[in-house]
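S.K.: One structure follows; several queries about it will come next.
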Amino acid sequence: MASVAEVKAAIEAAVAQVNEGQAAIQAASEKLAQAAQTMAAALDGSGHELVGAAQAALAQADTELREGLAATLTAVERAQTYAAGI
Amino acid sequence: MSLIQDLGARLQAAGADLPVGELVAALDKLRASAALLSWVRQQSADPLGVPELSGAIEHLEHAAYALHVVQDSVSGYLAAIGLGAEPAPEARPTPPEPVEPVAPGAPGTTSAAPAPRLRRWWAERVAYLTDGAPADPATTTISSDELLRSVARHTRAGDRTGLRRALTGAPAPAGLGLSALAPALLHRLASDLLGHEPRPADLPALTRTAREPVLALLPKLPPALVDTLLAQVCRVPRPADPVPPHPADTAVTSGVLVGVLLRRLGRDPEALAA
């Protein structure tokens, strides 16, 4: 059976991993925005079906990253609240 | 360079610069965290943020798929306008830096206050996995990347006693940090061993190569965990285990797998520091 100290330490380690993941998500978002800008400038005026697919997928990736980041924030809050209450 | 060639070059560069590596790194971190929280959750009725973390992982997996759609669409478009001989270069997942800055107290740090109570169950679990006598953990400090090299050295030598000593002597956060360091390395080493990015079809060959050497060093390890980790390397989806693995199991097995692949490649573990 784990002690309170062990549980808190494990949660602390888990939160640290999430924090590093959040930094990677932020970096991914910034890089994605740059790529989207480059592609938008290059593909401006194209009505090609695959261009539309690429742009839609870029937008979806951006949305997923934002929602993923938001979910990690909630997860960290929940884990820290639990750790503070034991 | 013609206008159309310039357009193709810009699109190829943008496609190659999509943040696939960053996404893989983020997924690795979140999965490691989820494994740890799932283990804690076994001892608590509180969800501890695990459902939210699972949701985050799902969002990132969708984002990764969307990036592949972007790459495929750009390649297809370039082909359609007559520039398709060279597909957009695939963005290779970026392995984590061997030494990366981490927050104080995070896995892999050599903080002066490394959660001492966490060490006991870590050391006990390592002793169990390696089928050795539980020993009092030493008080040495070591970072996760140093520990990974040490684990790889002992794995390469087939030295189970040395492996147990190295792992039990490490602070638990450094040990757990192996879970975050190993996935990208495993993917890279498997790519080098296979000669291409690991695919689902490569899983049987990779399993034949790595499964037995891992279990020889970790005789008490539930064998399914090796299969799960190798499936992740080959991007083979597997149903979630109803009982989450012990976080030490994932960390230790990941580190030993790195050592096994290094041995098959004939590489020195010290090369990991390069």
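By order of appearance in the structure tokens: chains A, B, ..., then residues from 1 within every chain, and ligands from 1 in the order shown.
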Please find the residues of chain A near chain B - the criterion being any atom within 6 Å, counting only C-alpha atoms - and write them as an MDAnalysis selection string.
M.R.: chainID A and resid 6 9 13:14 16:18 21 24:25 28 31:32 35 50 54 57 61 64 68 71:72 75 78:79
S.K.: Using only C-alpha atoms, determine which residues lie at most 8 Å from region 145-161 of chain B, disregarding the query and same-chain residues fewer than 5 positions distant; provide the list as a list in words.
M.R.: Pro98, Val99, Gly108, Thr130, Gly132, Ala166, Leu167, Ala170, Ala174, Gly175, Leu178, Leu181, Leu217, Leu218, Gly255, Val256, Val258, Gly259, Val260, Leu262, Arg263, Asp268, Pro269, Glu270, Leu272 and Ala273 of chain B
S.K.: Can you pull out every residue within 9 Å of Leu261 (chain B), counting only C-alpha atoms, but drop anything in the same chain fewer than 3 positions away, and send it as a list of chain:residue names?
M.R.: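 Contacts, with the query itself left out: B:Leu186, B:Leu189, B:Ala190, B:Leu193, B:Thr209, B:Ala210, B:Val256, B:Leu257, B:Val258, B:Arg264, B:Leu265, B:Gly266, B:Arg267.
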S.K.: Emit the selected residues as a PDB file, in the first residue's frame, including C-alpha atoms.
M.R.:
```pdb
ATOM      1  CA  LEU B 186      12.925   3.295 -29.765  1.00  0.00           C
ATOM      2  CA  LEU B 189      16.518   2.733 -33.384  1.00  0.00           C
ATOM      3  CA  ALA B 190      13.814   0.512 -34.856  1.00  0.00           C
ATOM      4  CA  LEU B 193      17.366  -1.595 -37.622  1.00  0.00           C
ATOM      5  CA  THR B 209      14.266  -9.586 -32.206  1.00  0.00           C
ATOM      6  CA  ALA B 210      13.478  -7.963 -28.903  1.00  0.00           C
ATOM      7  CA  VAL B 256      15.865  -2.266 -21.569  1.00  0.00           C
ATOM      8  CA  LEU B 257      14.294  -2.258 -25.037  1.00  0.00           C
ATOM      9  CA  VAL B 258      16.557   0.645 -25.977  1.00  0.00           C
ATOM     10  CA  ARG B 264      21.310  -5.508 -32.284  1.00  0.00           C
ATOM     11  CA  LEU B 265      22.639  -2.440 -34.091  1.00  0.00           C
ATOM     12  CA  GLY B 266      26.099  -2.958 -32.602  1.00  0.00           C
ATOM     13  CA  ARG B 267      26.103   0.522 -31.177  1.00  0.00           C
TER      14      ARG B 267
END
```
S.K.: Run DSSP on the backbone of this structure and report the residues of region 179-248 of chain B it assigns to helix (DSSP H, G or I), as number ranges by chain.
M.R.: B: 179-194, 200-217, 223-233, 247-248
S.K.: At what distance in Å, to one decimal, does CA of Ala201 (chain B) lie from CA of Ala216 (chain B)?
M.R.: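 Pair CA of Ala216 (chain B) / CA of Ala201 (chain B) returns 25.0 Å.
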S.K.: Distance CA of Leu225 (chain B)-CA of Pro245 (chain B), one decimal place?
M.R.: 7.5 Å
S.K.: For a quick check of understanding, using only C-alpha atoms, which of B:Leu203, B:Leu221, B:Ala9, B:Ala123 has the smallest distance to Arg165 (chain B)?
M.R.: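 Once distances to Arg165 (chain B) are computed over only C-alpha atoms, the minimum belongs to B:Ala123.
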S.K.: Which one is closest to Ala36 (chain A): A:Ala23, A:Leu58, A:Val51, A:Leu65? Count only C-alpha atoms.
M.R.: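 Under the stated criterion, the closest residue is A:Leu58.
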S.K.: By how many Å are CA of Val233 (chain B) and CA of Asp202 (chain B) apart?
M.R.: 9.6 Å
S.K.: With only C-alpha atoms as the atoms that count, which of A:Ala53, A:Ala33, A:Ala59, A:Val76 lies nearest to Val15 (chain A)?
M.R.: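 Checking each of A:Ala53, A:Ala33, A:Ala59, A:Val76 against Val15 (chain A), counting only C-alpha atoms, the winner is A:Val76.
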